[in-house]
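Participant: File name structure.pdb; file contents PDB, C-alpha atoms, pLDDT in the B column; full text below.
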MODEL        1
ATOM      1  CA  MET A   1      70.116  10.906   7.447  1.00 87.00           C
ATOM      2  CA  GLY A   2      71.392  12.214  10.782  1.00 93.00           C
ATOM      3  CA  GLY A   3      71.818   8.725  12.207  1.00 95.00           C
ATOM      4  CA  TRP A   4      73.803   7.635   9.164  1.00 95.00           C
ATOM      5  CA  LEU A   5      76.107  10.633   9.520  1.00 96.00           C
ATOM      6  CA  MET A   6      76.419  10.000  13.271  1.00 97.00           C
ATOM      7  CA  LEU A   7      77.666   6.473  12.586  1.00 97.00           C
ATOM      8  CA  MET A   8      80.139   7.479   9.895  1.00 96.00           C
ATOM      9  CA  VAL A   9      81.598  10.283  12.025  1.00 96.00           C
ATOM     10  CA  ALA A  10      81.827   8.057  15.121  1.00 95.00           C
ATOM     11  CA  GLU A  11      83.568   5.326  13.161  1.00 93.00           C
ATOM     12  CA  ALA A  12      86.037   7.783  11.624  1.00 93.00           C
ATOM     13  CA  LEU A  13      86.816   9.459  14.960  1.00 94.00           C
ATOM     14  CA  ALA A  14      87.147   6.117  16.751  1.00 89.00           C
ATOM     15  CA  ALA A  15      89.718   5.019  14.172  1.00 87.00           C
ATOM     16  CA  ASP A  16      91.958   7.960  15.117  1.00 88.00           C
ATOM     17  CA  SER A  17      91.165   8.206  18.809  1.00 90.00           C
ATOM     18  CA  PRO A  18      88.991   5.460  20.329  1.00 83.00           C
ATOM     19  CA  ASP A  19      88.099   7.559  23.399  1.00 87.00           C
ATOM     20  CA  LYS A  20      86.996  10.612  21.435  1.00 90.00           C
ATOM     21  CA  VAL A  21      83.334   9.532  21.089  1.00 93.00           C
ATOM     22  CA  LYS A  22      81.835   8.481  24.405  1.00 92.00           C
ATOM     23  CA  GLY A  23      78.502   7.151  23.123  1.00 95.00           C
ATOM     24  CA  LEU A  24      75.787   7.429  20.497  1.00 97.00           C
ATOM     25  CA  ILE A  25      72.051   8.055  20.680  1.00 98.00           C
ATOM     26  CA  GLY A  26      70.004   7.624  17.521  1.00 98.00           C
ATOM     27  CA  VAL A  27      66.378   8.563  16.960  1.00 98.00           C
ATOM     28  CA  ALA A  28      64.916   6.652  14.009  1.00 97.00           C
ATOM     29  CA  ALA A  29      68.433   6.240  12.659  1.00 97.00           C
ATOM     30  CA  ALA A  30      68.327   5.519   8.933  1.00 96.00           C
ATOM     31  CA  PRO A  31      71.693   4.251   7.695  1.00 98.00           C
ATOM     32  CA  ASP A  32      71.695   3.017   4.100  1.00 97.00           C
ATOM     33  CA  PHE A  33      68.386   4.691   3.217  1.00 96.00           C
ATOM     34  CA  THR A  34      69.652   5.157  -0.344  1.00 96.00           C
ATOM     35  CA  GLU A  35      69.502   1.362  -0.530  1.00 96.00           C
ATOM     36  CA  TRP A  36      66.343   0.271   1.327  1.00 96.00           C
ATOM     37  CA  GLY A  37      64.404   3.551   1.071  1.00 95.00           C
ATOM     38  CA  ILE A  38      64.414   4.010  -2.701  1.00 96.00           C
ATOM     39  CA  ALA A  39      62.444   1.875  -5.150  1.00 96.00           C
ATOM     40  CA  GLN A  40      64.440   0.019  -7.804  1.00 97.00           C
ATOM     41  CA  MET A  41      62.767   2.022 -10.564  1.00 97.00           C
ATOM     42  CA  ASP A  42      63.941   5.253  -8.912  1.00 97.00           C
ATOM     43  CA  LYS A  43      67.445   3.836  -8.433  1.00 97.00           C
ATOM     44  CA  ASN A  44      67.550   3.202 -12.177  1.00 97.00           C
ATOM     45  CA  VAL A  45      66.553   6.835 -12.848  1.00 98.00           C
ATOM     46  CA  LEU A  46      69.259   8.058 -10.454  1.00 98.00           C
ATOM     47  CA  ALA A  47      71.849   5.742 -12.021  1.00 97.00           C
ATOM     48  CA  ASP A  48      70.971   7.303 -15.394  1.00 97.00           C
ATOM     49  CA  GLY A  49      71.882  10.721 -13.951  1.00 98.00           C
ATOM     50  CA  GLU A  50      68.405  12.115 -13.340  1.00 98.00           C
ATOM     51  CA  ALA A  51      67.004  13.457 -10.070  1.00 98.00           C
ATOM     52  CA  ILE A  52      63.837  12.077  -8.529  1.00 97.00           C
ATOM     53  CA  TRP A  53      61.248  14.155  -6.663  1.00 97.00           C
ATOM     54  CA  GLU A  54      59.044  12.772  -3.890  1.00 94.00           C
ATOM     55  CA  ASP A  55      56.150  14.206  -1.926  1.00 93.00           C
ATOM     56  CA  ASN A  56      57.300  15.807   1.319  1.00 90.00           C
ATOM     57  CA  PRO A  57      55.044  15.013   4.311  1.00 85.00           C
ATOM     58  CA  TYR A  58      56.808  17.735   6.337  1.00 85.00           C
ATOM     59  CA  GLY A  59      56.453  20.678   3.971  1.00 91.00           C
ATOM     60  CA  PRO A  60      54.850  21.988   0.782  1.00 93.00           C
ATOM     61  CA  GLU A  61      57.780  21.446  -1.579  1.00 95.00           C
ATOM     62  CA  PRO A  62      58.730  18.030  -2.977  1.00 96.00           C
ATOM     63  CA  THR A  63      61.995  16.501  -1.775  1.00 94.00           C
ATOM     64  CA  PRO A  64      64.663  15.968  -4.438  1.00 96.00           C
ATOM     65  CA  THR A  65      67.184  13.155  -4.511  1.00 96.00           C
ATOM     66  CA  TYR A  66      70.065  13.922  -6.831  1.00 98.00           C
ATOM     67  CA  PRO A  67      72.201  11.316  -8.614  1.00 98.00           C
ATOM     68  CA  GLY A  68      75.422  12.427  -6.874  1.00 97.00           C
ATOM     69  CA  PHE A  69      73.830  12.179  -3.433  1.00 97.00           C
ATOM     70  CA  TRP A  70      72.467   8.714  -4.189  1.00 97.00           C
ATOM     71  CA  ALA A  71      75.814   7.520  -5.586  1.00 97.00           C
ATOM     72  CA  ASP A  72      77.621   8.794  -2.474  1.00 97.00           C
ATOM     73  CA  GLY A  73      75.149   6.911  -0.300  1.00 97.00           C
ATOM     74  CA  GLN A  74      75.776   3.705  -2.226  1.00 96.00           C
ATOM     75  CA  VAL A  75      79.515   4.041  -1.602  1.00 96.00           C
ATOM     76  CA  ASN A  76      78.946   4.517   2.153  1.00 97.00           C
ATOM     77  CA  LEU A  77      76.601   1.626   2.980  1.00 97.00           C
ATOM     78  CA  LEU A  78      77.002   0.358   6.551  1.00 97.00           C
ATOM     79  CA  LEU A  79      74.431  -2.364   7.226  1.00 97.00           C
ATOM     80  CA  GLU A  80      76.211  -5.080   5.263  1.00 96.00           C
ATOM     81  CA  ARG A  81      79.348  -4.980   7.395  1.00 97.00           C
ATOM     82  CA  GLN A  82      80.479  -4.561  10.984  1.00 97.00           C
ATOM     83  CA  ILE A  83      80.409  -0.951  12.169  1.00 96.00           C
ATOM     84  CA  ALA A  84      83.597  -0.263  14.087  1.00 93.00           C
ATOM     85  CA  PHE A  85      82.245   1.566  17.101  1.00 95.00           C
ATOM     86  CA  ASP A  86      82.727  -0.028  20.516  1.00 93.00           C
ATOM     87  CA  GLY A  87      81.059   2.487  22.862  1.00 94.00           C
ATOM     88  CA  PRO A  88      77.535   2.548  24.260  1.00 96.00           C
ATOM     89  CA  VAL A  89      74.729   3.041  21.742  1.00 97.00           C
ATOM     90  CA  ARG A  90      71.060   3.780  22.416  1.00 98.00           C
ATOM     91  CA  LEU A  91      68.598   3.578  19.537  1.00 98.00           C
ATOM     92  CA  LEU A  92      65.057   4.917  19.913  1.00 98.00           C
ATOM     93  CA  HIS A  93      62.505   4.087  17.231  1.00 98.00           C
ATOM     94  CA  GLY A  94      58.751   4.420  16.831  1.00 98.00           C
ATOM     95  CA  GLN A  95      56.963   1.361  15.522  1.00 98.00           C
ATOM     96  CA  ARG A  96      54.526   3.617  13.643  1.00 98.00           C
ATOM     97  CA  ASP A  97      57.339   5.345  11.786  1.00 97.00           C
ATOM     98  CA  ASP A  98      56.209   5.778   8.171  1.00 94.00           C
ATOM     99  CA  ASP A  99      59.638   6.972   7.013  1.00 94.00           C
ATOM    100  CA  VAL A 100      62.120   4.517   8.518  1.00 97.00           C
ATOM    101  CA  PRO A 101      61.072   0.924   9.271  1.00 98.00           C
ATOM    102  CA  TRP A 102      61.838   0.132  12.908  1.00 98.00           C
ATOM    103  CA  ASP A 103      63.669  -3.051  11.951  1.00 98.00           C
ATOM    104  CA  ILE A 104      66.462  -0.826  10.628  1.00 98.00           C
ATOM    105  CA  SER A 105      67.333  -0.124  14.281  1.00 98.00           C
ATOM    106  CA  THR A 106      67.492  -3.840  15.077  1.00 98.00           C
ATOM    107  CA  ARG A 107      69.634  -4.482  11.981  1.00 98.00           C
ATOM    108  CA  LEU A 108      71.898  -1.621  13.036  1.00 98.00           C
ATOM    109  CA  ALA A 109      72.226  -3.070  16.551  1.00 98.00           C
ATOM    110  CA  GLU A 110      73.426  -6.353  15.034  1.00 98.00           C
ATOM    111  CA  ARG A 111      76.077  -4.606  12.927  1.00 98.00           C
ATOM    112  CA  LEU A 112      77.625  -2.490  15.676  1.00 97.00           C
ATOM    113  CA  LEU A 113      80.863  -3.842  17.156  1.00 96.00           C
ATOM    114  CA  SER A 114      79.776  -2.656  20.605  1.00 96.00           C
ATOM    115  CA  ALA A 115      78.179  -5.103  23.030  1.00 97.00           C
ATOM    116  CA  ASP A 116      76.573  -2.146  24.847  1.00 97.00           C
ATOM    117  CA  VAL A 117      73.693  -1.495  22.434  1.00 98.00           C
ATOM    118  CA  GLN A 118      70.077  -1.006  23.458  1.00 98.00           C
ATOM    119  CA  VAL A 119      67.131  -0.624  21.090  1.00 98.00           C
ATOM    120  CA  THR A 120      64.000   0.971  22.529  1.00 98.00           C
ATOM    121  CA  LEU A 121      60.871   0.555  20.429  1.00 98.00           C
ATOM    122  CA  ILE A 122      57.977   2.928  21.094  1.00 98.00           C
ATOM    123  CA  LYS A 123      54.878   1.026  20.003  1.00 98.00           C
ATOM    124  CA  ASP A 124      52.780   4.068  19.097  1.00 97.00           C
ATOM    125  CA  GLY A 125      55.704   6.360  18.192  1.00 97.00           C
ATOM    126  CA  ASP A 126      56.062   7.997  14.789  1.00 97.00           C
ATOM    127  CA  HIS A 127      59.182   9.091  12.920  1.00 95.00           C
ATOM    128  CA  ARG A 128      59.726  12.339  14.765  1.00 94.00           C
ATOM    129  CA  LEU A 129      59.142  11.048  18.298  1.00 97.00           C
ATOM    130  CA  SER A 130      58.188  14.596  19.230  1.00 96.00           C
ATOM    131  CA  ARG A 131      55.380  14.046  21.719  1.00 97.00           C
ATOM    132  CA  GLU A 132      56.045  15.090  25.296  1.00 98.00           C
ATOM    133  CA  SER A 133      56.470  11.462  26.406  1.00 98.00           C
ATOM    134  CA  ASP A 134      58.932  10.840  23.560  1.00 98.00           C
ATOM    135  CA  ILE A 135      60.972  13.916  24.497  1.00 98.00           C
ATOM    136  CA  HIS A 136      61.074  12.743  28.133  1.00 98.00           C
ATOM    137  CA  LEU A 137      62.331   9.334  26.982  1.00 98.00           C
ATOM    138  CA  LEU A 138      65.062  10.966  24.909  1.00 98.00           C
ATOM    139  CA  LEU A 139      66.120  13.257  27.761  1.00 97.00           C
ATOM    140  CA  ARG A 140      66.148  10.333  30.207  1.00 97.00           C
ATOM    141  CA  THR A 141      68.258   8.307  27.766  1.00 97.00           C
ATOM    142  CA  VAL A 142      70.760  11.153  27.411  1.00 96.00           C
ATOM    143  CA  ALA A 143      70.889  11.670  31.183  1.00 96.00           C
ATOM    144  CA  GLU A 144      71.449   7.965  31.856  1.00 95.00           C
ATOM    145  CA  MET A 145      74.270   7.826  29.351  1.00 93.00           C
ATOM    146  CA  VAL A 146      75.943  10.951  30.711  1.00 91.00           C
ATOM    147  CA  LEU A 147      75.556   9.915  34.354  1.00 89.00           C
ATOM    148  CA  ALA A 148      76.888   6.433  33.641  1.00 80.00           C
ATOM    149  CA  ARG A 149      80.078   7.989  32.268  1.00 69.00           C
ATOM    150  CA  GLU A 150      80.768  10.493  35.057  1.00 61.00           C
ATOM    151  CA  PRO A 151      83.522   9.458  37.457  1.00 60.00           C
ATOM    152  CA  VAL A 152      82.384   8.527  40.943  1.00 54.00           C
ATOM    153  CA  ALA A 153      83.527  11.029  43.594  1.00 53.00           C
TER
ENDMDL
END
As C-alpha cells - that is how I would like this structure written.
Facilitator:
Amino acid sequence: MGGWLMLMVAEALAADSPDKVKGLIGVAAAPDFTEWGIAQMDKNVLADGEAIWEDNPYGPEPTPTYPGFWADGQVNLLLERQIAFDGPVRLLHGQRDDDVPWDISTRLAERLLSADVQVTLIKDGDHRLSRESDIHLLLRTVAEMVLAREPVA
C-alpha cells in the first residue's frame, strides 16, 4: 500500500508545485491492489458491506479488508490512466514476490508520465527485499538518485 500512497501524494504535490517532489523509489509498489489483489467473490462480499479476513503471512492475526477501505481504493485506481509525475522513478521488485506480482511494476512504469523510470527486477527476491544484498541495492539506488540531483560545485 505504501507505493500506492507514494504515487497519490507525489501526483497531488506535483499538481501544486512541480519541483516539490524530486523523485520516487518504490519497493514492490502495489497500486490498485484493491482491484488486482482481491478475488471477484471477495469484491462482491465487500460491495455488500461485509469485511473479508485473510491469512496473514507476516503475523498471527488475520488481515481484515473493510468495505470502506476497498471502496476508497476503487475510487483511487491509477493503473488505467496516466500518472502525472514527471520526475525520476526507481522501482525495485522481487520476481519471487508472493504478495505483489512483479508485472505490476512494469505496468506502473508504462503509466508514469516521466521518461526517467527504471524497473529493477531481482530474480530471487521476495516481497520484503530484506536480505543484505537487497538492502544494499536499495541504499545504492537512493544514493544514486540523491547524488544525481546535487548541484555540481
Participant: Nearest to Arg131 of chain A: which of A:Ile83, A:Leu24, A:Asp16, A:Gly94 is it, counting only C-alpha atoms?
Facilitator: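 For Arg131 of chain A, the nearest of the given residues is A:Gly94.
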Participant: Where does the PyMOL selection byres ((chain A and resi 76) around 12) land in this file, that is, which residues does it pick, as JSON, numbers by chain?
Facilitator: {"A": [4, 5, 7, 8, 9, 11, 31, 32, 33, 34, 35, 69, 70, 71, 72, 73, 74, 75, 77, 78, 79, 80, 81, 83]}
Participant: Measuring between all atoms listed in the file, which one of A:Ala84, A:Gln40, A:Ala29, A:Thr141 shows the shortest distance to Arg107 of chain A?
Facilitator: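 Nearest to Arg107 of chain A: A:Ala29.
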Participant: Quick check on the file I pasted: which residues fall under the PyMOL selection byres ((chain A and resi 88) around 6)? Write them as a VMD selection string.
Facilitator: chain A and resid 23 87 89 116 to 117
Participant: Keeping only C-alpha atoms, write the selected residues to a file as a CSV table (one decimal), in the coordinates of the input.
Facilitator:
chain,number,residue,atom,x,y,z
A,23,GLY,CA,78.5,7.2,23.1
A,87,GLY,CA,81.1,2.5,22.9
A,89,VAL,CA,74.7,3.0,21.7
A,116,ASP,CA,76.6,-2.1,24.8
A,117,VAL,CA,73.7,-1.5,22.4
Participant: Where does the PyMOL selection byres ((chain A and resi 112) around 8) land in this file, that is, which residues does it pick, as a PDB file with C-alpha atoms, in the coordinates of the input?
Facilitator:
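Contents of out.pdb, as written:
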ATOM      1  CA  GLN A  82      80.479  -4.561  10.984  1.00 97.00           C
ATOM      2  CA  ILE A  83      80.409  -0.951  12.169  1.00 96.00           C
ATOM      3  CA  ALA A  84      83.597  -0.263  14.087  1.00 93.00           C
ATOM      4  CA  PHE A  85      82.245   1.566  17.101  1.00 95.00           C
ATOM      5  CA  ASP A  86      82.727  -0.028  20.516  1.00 93.00           C
ATOM      6  CA  LEU A 108      71.898  -1.621  13.036  1.00 98.00           C
ATOM      7  CA  ALA A 109      72.226  -3.070  16.551  1.00 98.00           C
ATOM      8  CA  GLU A 110      73.426  -6.353  15.034  1.00 98.00           C
ATOM      9  CA  ARG A 111      76.077  -4.606  12.927  1.00 98.00           C
ATOM     10  CA  LEU A 113      80.863  -3.842  17.156  1.00 96.00           C
ATOM     11  CA  SER A 114      79.776  -2.656  20.605  1.00 96.00           C
ATOM     12  CA  ALA A 115      78.179  -5.103  23.030  1.00 97.00           C
ATOM     13  CA  VAL A 117      73.693  -1.495  22.434  1.00 98.00           C
TER      14      VAL A 117
END
Participant: Need to verify the contact set: Gly125 of chain A, 8 Å, only C-alpha atoms, exclusion of same-chain residues closer than 6 positions in sequence. Can you return it as JSON, numbers by chain?
Facilitator: {"A": [93, 94, 95, 96, 97, 134]}
Participant: To one decimal place in Å, what is the distance between atom CA of Gln118 of chain A and atom CA of Arg90 of chain A?
Facilitator: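 One can read the atom CA of Gln118 of chain A to atom CA of Arg90 of chain A distance as 5.0 Å.
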Participant: What's the separation between atom CA of Thr120 of chain A and atom CA of Ser17 of chain A, in Å to one decimal place?
Facilitator: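 Going from atom CA of Thr120 of chain A over to atom CA of Ser17 of chain A, I get 28.4 Å.
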Participant: Go ahead and compute the interatomic distance for atom CA of Thr106 of chain A and atom CA of Arg140 of chain A, in Å to one decimal.
Facilitator: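 Answer for the atom CA of Thr106 of chain A to atom CA of Arg140 of chain A separation: 20.8 Å.
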Participant: Could you put an axis-aligned box around every listed atom of segment 83-102 of chain A, padded by 5 Å on each side, and send me its centre and edge lengths in Å to one decimal, as JSON?
Facilitator:
{"center_x": 69.1, "center_y": 3.0, "center_z": 15.6, "size_x": 39.1, "size_y": 17.9, "size_z": 27.2}
Participant: Is it possible to get the residues within 8 Å of (69.7, 13.5, 13.6) (coordinates as in the file, counting only C-alpha atoms) written as a PyMOL selection string?
Facilitator: chain A and resi 1-3+6+26-27+29
Participant: Please save C-alpha atoms of the selected residues as an mmCIF file, in the frame of the given file.
Facilitator:
data_model
loop_
_atom_site.group_PDB
_atom_site.id
_atom_site.type_symbol
_atom_site.label_atom_id
_atom_site.label_comp_id
_atom_site.auth_asym_id
_atom_site.auth_seq_id
_atom_site.Cartn_x
_atom_site.Cartn_y
_atom_site.Cartn_z
ATOM 1 C CA MET A 1 70.116 10.906 7.447
ATOM 2 C CA GLY A 2 71.392 12.214 10.782
ATOM 3 C CA GLY A 3 71.818 8.725 12.207
ATOM 4 C CA MET A 6 76.419 10.000 13.271
ATOM 5 C CA GLY A 26 70.004 7.624 17.521
ATOM 6 C CA VAL A 27 66.378 8.563 16.960
ATOM 7 C CA ALA A 29 68.433 6.240 12.659
#
Participant: Nearest to Val119 of chain A: which of A:Ala28, A:Ile38, A:Ala148, A:Ala51 is it, counting only C-alpha atoms?
Facilitator: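 Closest to Val119 of chain A of all the choices is A:Ala28.
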